[in-house]
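Text of the file input_31.cif, holding mmCIF, C-alpha atoms:
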```cif
data_run
#
loop_
_atom_site.group_PDB
_atom_site.id
_atom_site.type_symbol
_atom_site.label_atom_id
_atom_site.label_comp_id
_atom_site.auth_asym_id
_atom_site.auth_seq_id
_atom_site.Cartn_x
_atom_site.Cartn_y
_atom_site.Cartn_z
ATOM 1 C CA MET P 1 0.922 42.103 -8.132
ATOM 2 C CA GLN P 2 2.301 41.098 -11.500
ATOM 3 C CA ASP P 3 1.556 37.544 -12.676
ATOM 4 C CA GLN P 4 4.493 35.210 -12.275
ATOM 5 C CA ILE P 5 6.021 33.866 -15.429
ATOM 6 C CA VAL P 6 7.431 30.402 -15.007
ATOM 7 C CA LYS P 7 9.286 28.917 -17.964
ATOM 8 C CA SER P 8 8.506 25.233 -17.992
ATOM 9 C CA PRO P 9 11.153 22.576 -18.712
ATOM 10 C CA THR P 10 11.855 21.383 -22.240
ATOM 11 C CA LYS P 11 9.977 18.080 -21.868
ATOM 12 C CA TYR P 12 7.126 19.487 -19.759
ATOM 13 C CA GLU P 13 4.663 20.291 -22.559
ATOM 14 C CA SER P 14 4.894 16.898 -24.268
ATOM 15 C CA ILE P 15 4.529 15.150 -20.886
ATOM 16 C CA LYS P 16 1.551 17.381 -20.077
ATOM 17 C CA LEU P 17 -0.154 16.519 -23.389
ATOM 18 C CA ALA P 18 0.381 12.797 -22.817
ATOM 19 C CA THR P 19 -0.876 13.199 -19.234
ATOM 20 C CA GLU P 20 -4.057 14.910 -20.405
ATOM 21 C CA ALA P 21 -4.606 12.295 -23.126
ATOM 22 C CA MET P 22 -4.331 9.560 -20.481
ATOM 23 C CA GLY P 23 -6.885 11.336 -18.283
ATOM 24 C CA PHE P 24 -4.490 11.553 -15.304
ATOM 25 C CA THR P 25 -6.014 14.113 -12.935
ATOM 26 C CA MET P 26 -3.248 14.771 -10.390
ATOM 27 C CA PRO P 27 -0.620 16.779 -12.281
ATOM 28 C CA SER P 28 1.968 18.904 -10.525
ATOM 29 C CA ASP P 29 1.478 22.617 -10.036
ATOM 30 C CA LEU P 30 3.724 24.978 -12.059
ATOM 31 C CA GLN P 31 4.737 26.949 -8.976
ATOM 32 C CA THR P 32 5.713 23.763 -7.160
ATOM 33 C CA GLY P 33 7.759 22.721 -10.177
ATOM 34 C CA GLY P 34 9.483 26.083 -10.397
ATOM 35 C CA LEU P 35 10.513 25.980 -6.751
ATOM 36 C CA LEU P 36 11.573 22.336 -7.049
ATOM 37 C CA ARG P 37 13.818 23.256 -9.986
ATOM 38 C CA THR P 38 15.397 26.071 -7.937
ATOM 39 C CA LEU P 39 16.057 23.752 -4.993
ATOM 40 C CA ILE P 40 17.605 21.096 -7.240
ATOM 41 C CA ALA P 41 19.875 23.683 -8.867
ATOM 42 C CA SER P 42 21.252 24.552 -5.410
ATOM 43 C CA LYS P 43 22.675 21.027 -5.038
ATOM 44 C CA PRO P 44 25.489 20.453 -7.574
ATOM 45 C CA ALA P 45 26.480 16.807 -8.022
ATOM 46 C CA GLY P 46 23.338 16.008 -6.061
ATOM 47 C CA ARG P 47 21.542 12.754 -5.383
ATOM 48 C CA PHE P 48 17.789 13.201 -5.539
ATOM 49 C CA LEU P 49 14.816 11.001 -4.685
ATOM 50 C CA GLU P 50 11.288 11.539 -5.962
ATOM 51 C CA LEU P 51 8.546 9.515 -4.306
ATOM 52 C CA GLY P 52 5.562 9.557 -6.643
ATOM 53 C CA THR P 53 6.713 9.800 -10.257
ATOM 54 C CA GLY P 54 3.235 10.115 -11.706
ATOM 55 C CA THR P 55 3.596 10.856 -15.417
ATOM 56 C CA GLY P 56 6.924 12.671 -14.956
ATOM 57 C CA LEU P 57 5.829 16.312 -14.788
ATOM 58 C CA SER P 58 7.742 16.983 -11.555
ATOM 59 C CA LEU P 59 10.596 14.846 -12.792
ATOM 60 C CA SER P 60 10.946 17.194 -15.776
ATOM 61 C CA TRP P 61 11.636 20.084 -13.372
ATOM 62 C CA ILE P 62 14.187 18.008 -11.458
ATOM 63 C CA VAL P 63 16.069 16.819 -14.534
ATOM 64 C CA GLU P 64 16.101 20.303 -16.087
ATOM 65 C CA ALA P 65 17.959 21.656 -13.034
ATOM 66 C CA MET P 66 20.437 18.821 -12.478
ATOM 67 C CA ASP P 67 24.050 19.284 -13.462
ATOM 68 C CA GLU P 68 26.003 16.585 -15.316
ATOM 69 C CA LYS P 69 27.145 14.923 -12.051
ATOM 70 C CA SER P 70 23.693 14.679 -10.475
ATOM 71 C CA GLU P 71 21.335 11.722 -10.444
ATOM 72 C CA VAL P 72 17.699 11.100 -9.539
ATOM 73 C CA ILE P 73 15.736 8.022 -8.548
ATOM 74 C CA SER P 74 11.991 8.329 -9.074
ATOM 75 C CA ILE P 75 9.563 5.720 -7.729
ATOM 76 C CA ASP P 76 5.884 5.026 -8.370
ATOM 77 C CA ASN P 77 3.746 1.897 -8.192
ATOM 78 C CA ASP P 78 1.568 2.543 -11.268
ATOM 79 C CA GLU P 79 3.183 1.157 -14.426
ATOM 80 C CA THR P 80 0.556 2.725 -16.701
ATOM 81 C CA VAL P 81 1.147 6.221 -15.359
ATOM 82 C CA ILE P 82 4.960 6.055 -15.238
ATOM 83 C CA SER P 83 5.068 4.769 -18.798
ATOM 84 C CA ILE P 84 4.828 8.424 -19.870
ATOM 85 C CA ALA P 85 7.838 9.319 -17.704
ATOM 86 C CA ARG P 86 9.758 6.347 -19.086
ATOM 87 C CA ASP P 87 8.967 7.415 -22.669
ATOM 88 C CA HIS P 88 10.535 10.811 -21.948
ATOM 89 C CA PHE P 89 13.522 9.878 -19.768
ATOM 90 C CA SER P 90 14.537 6.338 -20.735
ATOM 91 C CA VAL P 91 17.670 7.472 -22.571
ATOM 92 C CA ASP P 92 18.862 9.706 -19.708
ATOM 93 C CA SER P 93 21.540 7.824 -17.741
ATOM 94 C CA GLN P 94 21.135 10.202 -14.795
ATOM 95 C CA VAL P 95 17.500 9.150 -14.297
ATOM 96 C CA THR P 96 16.319 5.891 -12.738
ATOM 97 C CA ILE P 97 12.562 5.268 -12.786
ATOM 98 C CA LEU P 98 11.353 2.369 -10.665
ATOM 99 C CA CYS P 99 7.905 0.810 -10.626
ATOM 100 C CA GLN P 100 7.509 -0.618 -7.155
ATOM 101 C CA ASP P 101 6.114 0.094 -3.729
ATOM 102 C CA ALA P 102 8.025 3.152 -2.480
ATOM 103 C CA GLY P 103 7.595 2.178 1.167
ATOM 104 C CA GLN P 104 9.253 -1.172 0.578
ATOM 105 C CA TRP P 105 12.043 0.527 -1.399
ATOM 106 C CA ILE P 106 12.671 2.959 1.470
ATOM 107 C CA LEU P 107 12.959 0.082 3.956
ATOM 108 C CA GLU P 108 15.363 -1.790 1.659
ATOM 109 C CA HIS P 109 17.666 1.206 1.040
ATOM 110 C CA THR P 110 18.292 2.661 4.494
ATOM 111 C CA LYS P 111 22.021 3.128 3.787
ATOM 112 C CA GLN P 112 21.474 5.438 0.801
ATOM 113 C CA ARG P 113 21.731 9.203 1.270
ATOM 114 C CA PHE P 114 20.147 12.025 -0.705
ATOM 115 C CA ASP P 115 20.538 15.781 -1.011
ATOM 116 C CA LEU P 116 16.851 16.357 -1.686
ATOM 117 C CA ILE P 117 13.744 14.225 -1.394
ATOM 118 C CA PHE P 118 10.513 15.308 -3.058
ATOM 119 C CA ALA P 119 7.784 13.249 -1.393
ATOM 120 C CA ASP P 120 4.670 13.450 -3.538
ATOM 121 C CA ALA P 121 3.100 10.134 -2.510
ATOM 122 C CA TRP P 122 1.860 8.519 0.681
ATOM 123 C CA PRO P 123 5.124 6.638 1.281
ATOM 124 C CA GLY P 124 7.632 9.218 2.446
ATOM 125 C CA LYS P 125 4.918 11.626 3.533
ATOM 126 C CA TYR P 126 2.149 9.864 5.462
ATOM 127 C CA GLU P 127 3.865 6.489 5.705
ATOM 128 C CA TYR P 128 7.534 5.686 6.403
ATOM 129 C CA LEU P 129 8.175 9.342 7.239
ATOM 130 C CA ASP P 130 10.972 8.834 9.768
ATOM 131 C CA GLU P 131 12.683 6.300 7.514
ATOM 132 C CA THR P 132 12.471 8.762 4.618
ATOM 133 C CA LEU P 133 13.884 11.647 6.641
ATOM 134 C CA ASP P 134 16.759 9.372 7.700
ATOM 135 C CA LEU P 135 17.748 9.062 4.006
ATOM 136 C CA LEU P 136 18.751 12.741 3.890
ATOM 137 C CA ASP P 137 22.326 13.913 4.358
ATOM 138 C CA ILE P 138 22.997 16.850 6.669
ATOM 139 C CA GLY P 139 21.988 19.913 4.644
ATOM 140 C CA GLY P 140 19.545 17.784 2.673
ATOM 141 C CA VAL P 141 16.103 19.119 1.848
ATOM 142 C CA TYR P 142 12.752 17.418 2.395
ATOM 143 C CA PHE P 143 10.163 18.981 0.083
ATOM 144 C CA ILE P 144 6.421 18.252 0.035
ATOM 145 C CA ASP P 145 3.419 19.848 -1.611
ATOM 146 C CA ASP P 146 -0.385 19.582 -1.343
ATOM 147 C CA MET P 147 -0.437 20.708 2.285
ATOM 148 C CA VAL P 148 -3.283 23.221 1.882
ATOM 149 C CA ALA P 149 -6.769 21.689 1.620
ATOM 150 C CA GLN P 150 -7.592 20.657 -1.943
ATOM 151 C CA PRO P 151 -11.094 20.119 -3.352
ATOM 152 C CA ASN P 152 -10.259 16.519 -4.316
ATOM 153 C CA TRP P 153 -9.137 15.492 -0.805
ATOM 154 C CA PRO P 154 -11.121 12.626 0.724
ATOM 155 C CA GLU P 155 -12.843 13.129 4.054
ATOM 156 C CA GLY P 156 -10.340 13.172 6.924
ATOM 157 C CA HIS P 157 -7.307 14.005 4.773
ATOM 158 C CA GLU P 158 -7.041 17.588 6.029
ATOM 159 C CA GLU P 159 -6.626 16.290 9.583
ATOM 160 C CA LYS P 160 -3.927 13.898 8.379
ATOM 161 C CA ALA P 161 -2.057 16.785 6.724
ATOM 162 C CA MET P 162 -2.285 18.874 9.910
ATOM 163 C CA GLU P 163 -0.914 15.969 11.968
ATOM 164 C CA LEU P 164 2.018 15.696 9.556
ATOM 165 C CA LEU P 165 2.786 19.418 9.842
ATOM 166 C CA LYS P 166 2.611 19.287 13.644
ATOM 167 C CA TYR P 167 4.964 16.305 13.721
ATOM 168 C CA LEU P 168 7.490 17.908 11.374
ATOM 169 C CA ALA P 169 7.503 21.022 13.579
ATOM 170 C CA THR P 170 8.586 18.879 16.566
ATOM 171 C CA ARG P 171 11.676 17.534 14.814
ATOM 172 C CA LYS P 172 14.784 19.152 16.318
ATOM 173 C CA ASP P 173 16.974 17.870 13.468
ATOM 174 C CA PHE P 174 15.168 19.944 10.820
ATOM 175 C CA ILE P 175 14.585 23.629 10.151
ATOM 176 C CA LEU P 176 11.128 23.940 8.663
ATOM 177 C CA THR P 177 9.359 26.500 6.485
ATOM 178 C CA GLN P 178 5.694 26.072 5.718
ATOM 179 C CA MET P 179 4.261 28.153 2.864
ATOM 180 C CA SER P 180 0.632 28.878 2.006
ATOM 181 C CA TRP P 181 1.667 29.229 -1.613
ATOM 182 C CA SER P 182 0.970 27.053 -4.632
ATOM 183 C CA THR P 183 -0.721 23.927 -3.214
ATOM 184 C CA GLY P 184 0.808 24.462 0.222
ATOM 185 C CA LEU P 185 4.513 23.704 0.348
ATOM 186 C CA VAL P 186 6.862 22.600 3.093
ATOM 187 C CA ILE P 187 10.650 22.806 2.892
ATOM 188 C CA ALA P 188 12.628 21.218 5.718
ATOM 189 C CA THR P 189 16.421 21.212 5.848
ATOM 190 C CA LYS P 190 18.224 18.551 7.894
ATOM 191 C CA VAL P 191 20.618 20.199 10.327
ATOM 192 C CA ALA P 192 21.577 17.317 12.630
#
```

Starting from the file, give its structure as structure tokens.
Amino acid sequence: MQDQIVKSPTKYESIKLATEAMGFTMPSDLQTGGLLRTLIASKPAGRFLELGTGTGLSLSWIVEAMDEKSEVISIDNDETVISIARDHFSVDSQVTILCQDAGQWILEHTKQRFDLIFADAWPGKYEYLDETLDLLDIGGVYFIDDMVAQPNWPEGHEEKAMELLKYLATRKDFILTQMSWSTGLVIATKVA
């Protein structure tokens, strides 16, 4: 099979260099980013939520695919790490980067609705899952990665991931696709 060629977003390389210089060891996978960009592009005038900004690598894929009427809120609780994202997106009026507990934010914003949520942190994935899924409009997409065992997972995390997958499969209001590709991806579309 021919190697896939994924063209990274404009800001990706400078964010990646700053990420490496900081010593941040949990960067996003290129394949995950490429698929995230494709999903974002399918939602014109979309409202997007990213839980787990990190240094902004995934955010670069999101922003690259957004049209001029779209907006994204990205949340992380580590000011040092998100400072890189802020350096790269602070002048973009379509991007809001918040440094706060994502679980608390979810509980305080139950009336908001989104077209796609990328949950790349514990809140929205392993905590506050139902509340997060409730934030999606009908036709909205819930997207998560890191669902195939990773070498850096702590003991017991694989079981937690399997429990999450089993629970998502029971939801009648979502159509779910689980992929053993990249770091293990799940795409769930809200249908009711």

- Message: Applying 7 Å and all atoms listed in the file, which residues near stretch 47-64 of chain P remain after dropping the ones on its own chain fewer than 2 positions away? List them as a PyMOL selection string.
- Response: chain P and resi 9+11-12+15-16+19+27-28+33+36-37+40+45+66+70-76+81-82+84-85+102+114-121+124

- Nearest to P:Ala188, chosen from P:Ile106, P:Gly139, P:Pro154, P:Leu129, with all atoms listed in the file counted in the distances: P:Gly139

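Here the PyMOL selection byres ((chain P and resi 176-184) around 9) catches exactly these residues: P:Asp29, P:Leu30, P:Gln31, P:Thr32, P:Ile144, P:Asp145, P:Asp146, P:Met147, P:Val148, P:Ala149, P:Gln150, P:Leu165, P:Leu168, P:Ala169, P:Arg171, P:Phe174, P:Ile175, P:Leu185, P:Val186, P:Ile187, P:Ala188, P:Thr189, P:Lys190.
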
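With atom CA of P:Glu131 on one side and atom CA of P:Pro44 on the other, the separation reads 24.3 Å.
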
- Pairwise distance for atom CA of P:Met22 and atom CA of P:Ala161, rounded to one decimal in Å: 28.2 Å

- Spatial sel., origin (14.9, 9.0, -16.4), limit 8 Å, all atoms listed in the file, listed as a PyMOL selection string: chain P and resi 72-74+85-86+88-97

- Task: Go ahead and compute the interatomic distance for atom CA of P:Phe143 and atom CA of P:Ala21, in Å to one decimal.
- Result: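 It comes out at 28.3 Å.
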
Please complete stretch 13-32 of chain P with N, CA, C and O atoms and give it back as a PDB file, in the coordinates of the input.
```
ATOM      1  N   GLU P  13       5.869  20.192 -21.732  1.00  0.00           N
ATOM      2  CA  GLU P  13       4.663  20.291 -22.559  1.00  0.00           C
ATOM      3  C   GLU P  13       4.277  18.951 -23.173  1.00  0.00           C
ATOM      4  O   GLU P  13       3.096  18.595 -23.197  1.00  0.00           O
ATOM      5  N   SER P  14       5.242  18.189 -23.673  1.00  0.00           N
ATOM      6  CA  SER P  14       4.894  16.898 -24.268  1.00  0.00           C
ATOM      7  C   SER P  14       4.419  15.915 -23.193  1.00  0.00           C
ATOM      8  O   SER P  14       3.512  15.115 -23.439  1.00  0.00           O
ATOM      9  N   ILE P  15       5.003  15.992 -21.992  1.00  0.00           N
ATOM     10  CA  ILE P  15       4.529  15.150 -20.886  1.00  0.00           C
ATOM     11  C   ILE P  15       3.118  15.566 -20.489  1.00  0.00           C
ATOM     12  O   ILE P  15       2.245  14.723 -20.264  1.00  0.00           O
ATOM     13  N   LYS P  16       2.881  16.867 -20.442  1.00  0.00           N
ATOM     14  CA  LYS P  16       1.551  17.381 -20.077  1.00  0.00           C
ATOM     15  C   LYS P  16       0.494  16.915 -21.083  1.00  0.00           C
ATOM     16  O   LYS P  16      -0.598  16.488 -20.689  1.00  0.00           O
ATOM     17  N   LEU P  17       0.791  16.973 -22.367  1.00  0.00           N
ATOM     18  CA  LEU P  17      -0.154  16.519 -23.389  1.00  0.00           C
ATOM     19  C   LEU P  17      -0.451  15.032 -23.239  1.00  0.00           C
ATOM     20  O   LEU P  17      -1.606  14.601 -23.328  1.00  0.00           O
ATOM     21  N   ALA P  18       0.578  14.236 -23.011  1.00  0.00           N
ATOM     22  CA  ALA P  18       0.381  12.797 -22.817  1.00  0.00           C
ATOM     23  C   ALA P  18      -0.408  12.522 -21.534  1.00  0.00           C
ATOM     24  O   ALA P  18      -1.241  11.604 -21.485  1.00  0.00           O
ATOM     25  N   THR P  19      -0.161  13.322 -20.506  1.00  0.00           N
ATOM     26  CA  THR P  19      -0.876  13.199 -19.234  1.00  0.00           C
ATOM     27  C   THR P  19      -2.360  13.473 -19.430  1.00  0.00           C
ATOM     28  O   THR P  19      -3.222  12.726 -18.951  1.00  0.00           O
ATOM     29  N   GLU P  20      -2.657  14.553 -20.142  1.00  0.00           N
ATOM     30  CA  GLU P  20      -4.057  14.910 -20.405  1.00  0.00           C
ATOM     31  C   GLU P  20      -4.738  13.847 -21.257  1.00  0.00           C
ATOM     32  O   GLU P  20      -5.898  13.487 -21.015  1.00  0.00           O
ATOM     33  N   ALA P  21      -4.032  13.335 -22.261  1.00  0.00           N
ATOM     34  CA  ALA P  21      -4.606  12.295 -23.126  1.00  0.00           C
ATOM     35  C   ALA P  21      -4.920  11.025 -22.335  1.00  0.00           C
ATOM     36  O   ALA P  21      -5.887  10.323 -22.628  1.00  0.00           O
ATOM     37  N   MET P  22      -4.113  10.735 -21.321  1.00  0.00           N
ATOM     38  CA  MET P  22      -4.331   9.560 -20.481  1.00  0.00           C
ATOM     39  C   MET P  22      -5.505   9.772 -19.525  1.00  0.00           C
ATOM     40  O   MET P  22      -6.087   8.824 -19.015  1.00  0.00           O
ATOM     41  N   GLY P  23      -5.829  11.043 -19.239  1.00  0.00           N
ATOM     42  CA  GLY P  23      -6.885  11.336 -18.283  1.00  0.00           C
ATOM     43  C   GLY P  23      -6.398  11.377 -16.846  1.00  0.00           C
ATOM     44  O   GLY P  23      -7.184  11.348 -15.902  1.00  0.00           O
ATOM     45  N   PHE P  24      -5.083  11.472 -16.649  1.00  0.00           N
ATOM     46  CA  PHE P  24      -4.490  11.553 -15.304  1.00  0.00           C
ATOM     47  C   PHE P  24      -4.859  12.899 -14.703  1.00  0.00           C
ATOM     48  O   PHE P  24      -4.638  13.949 -15.305  1.00  0.00           O
ATOM     49  N   THR P  25      -5.435  12.887 -13.504  1.00  0.00           N
ATOM     50  CA  THR P  25      -6.014  14.113 -12.935  1.00  0.00           C
ATOM     51  C   THR P  25      -5.243  14.686 -11.753  1.00  0.00           C
ATOM     52  O   THR P  25      -5.764  15.531 -11.044  1.00  0.00           O
ATOM     53  N   MET P  26      -4.013  14.255 -11.523  1.00  0.00           N
ATOM     54  CA  MET P  26      -3.248  14.771 -10.390  1.00  0.00           C
ATOM     55  C   MET P  26      -1.904  15.349 -10.833  1.00  0.00           C
ATOM     56  O   MET P  26      -0.859  14.983 -10.297  1.00  0.00           O
ATOM     57  N   PRO P  27      -1.905  16.241 -11.821  1.00  0.00           N
ATOM     58  CA  PRO P  27      -0.620  16.779 -12.281  1.00  0.00           C
ATOM     59  C   PRO P  27      -0.024  17.759 -11.276  1.00  0.00           C
ATOM     60  O   PRO P  27      -0.723  18.304 -10.421  1.00  0.00           O
ATOM     61  N   SER P  28       1.250  17.979 -11.403  1.00  0.00           N
ATOM     62  CA  SER P  28       1.968  18.904 -10.525  1.00  0.00           C
ATOM     63  C   SER P  28       1.666  20.345 -10.893  1.00  0.00           C
ATOM     64  O   SER P  28       1.433  20.680 -12.053  1.00  0.00           O
ATOM     65  N   ASP P  29       1.700  21.181  -9.891  1.00  0.00           N
ATOM     66  CA  ASP P  29       1.478  22.617 -10.036  1.00  0.00           C
ATOM     67  C   ASP P  29       2.738  23.279 -10.597  1.00  0.00           C
ATOM     68  O   ASP P  29       3.857  22.905 -10.234  1.00  0.00           O
ATOM     69  N   LEU P  30       2.571  24.278 -11.464  1.00  0.00           N
ATOM     70  CA  LEU P  30       3.724  24.978 -12.059  1.00  0.00           C
ATOM     71  C   LEU P  30       4.584  25.672 -11.008  1.00  0.00           C
ATOM     72  O   LEU P  30       5.814  25.675 -11.111  1.00  0.00           O
ATOM     73  N   GLN P  31       3.961  26.270 -10.018  1.00  0.00           N
ATOM     74  CA  GLN P  31       4.737  26.949  -8.976  1.00  0.00           C
ATOM     75  C   GLN P  31       5.564  25.951  -8.175  1.00  0.00           C
ATOM     76  O   GLN P  31       6.724  26.212  -7.857  1.00  0.00           O
ATOM     77  N   THR P  32       4.972  24.814  -7.863  1.00  0.00           N
ATOM     78  CA  THR P  32       5.713  23.763  -7.160  1.00  0.00           C
ATOM     79  C   THR P  32       6.908  23.326  -7.994  1.00  0.00           C
ATOM     80  O   THR P  32       8.021  23.193  -7.487  1.00  0.00           O
TER      81      THR P  32
END
```
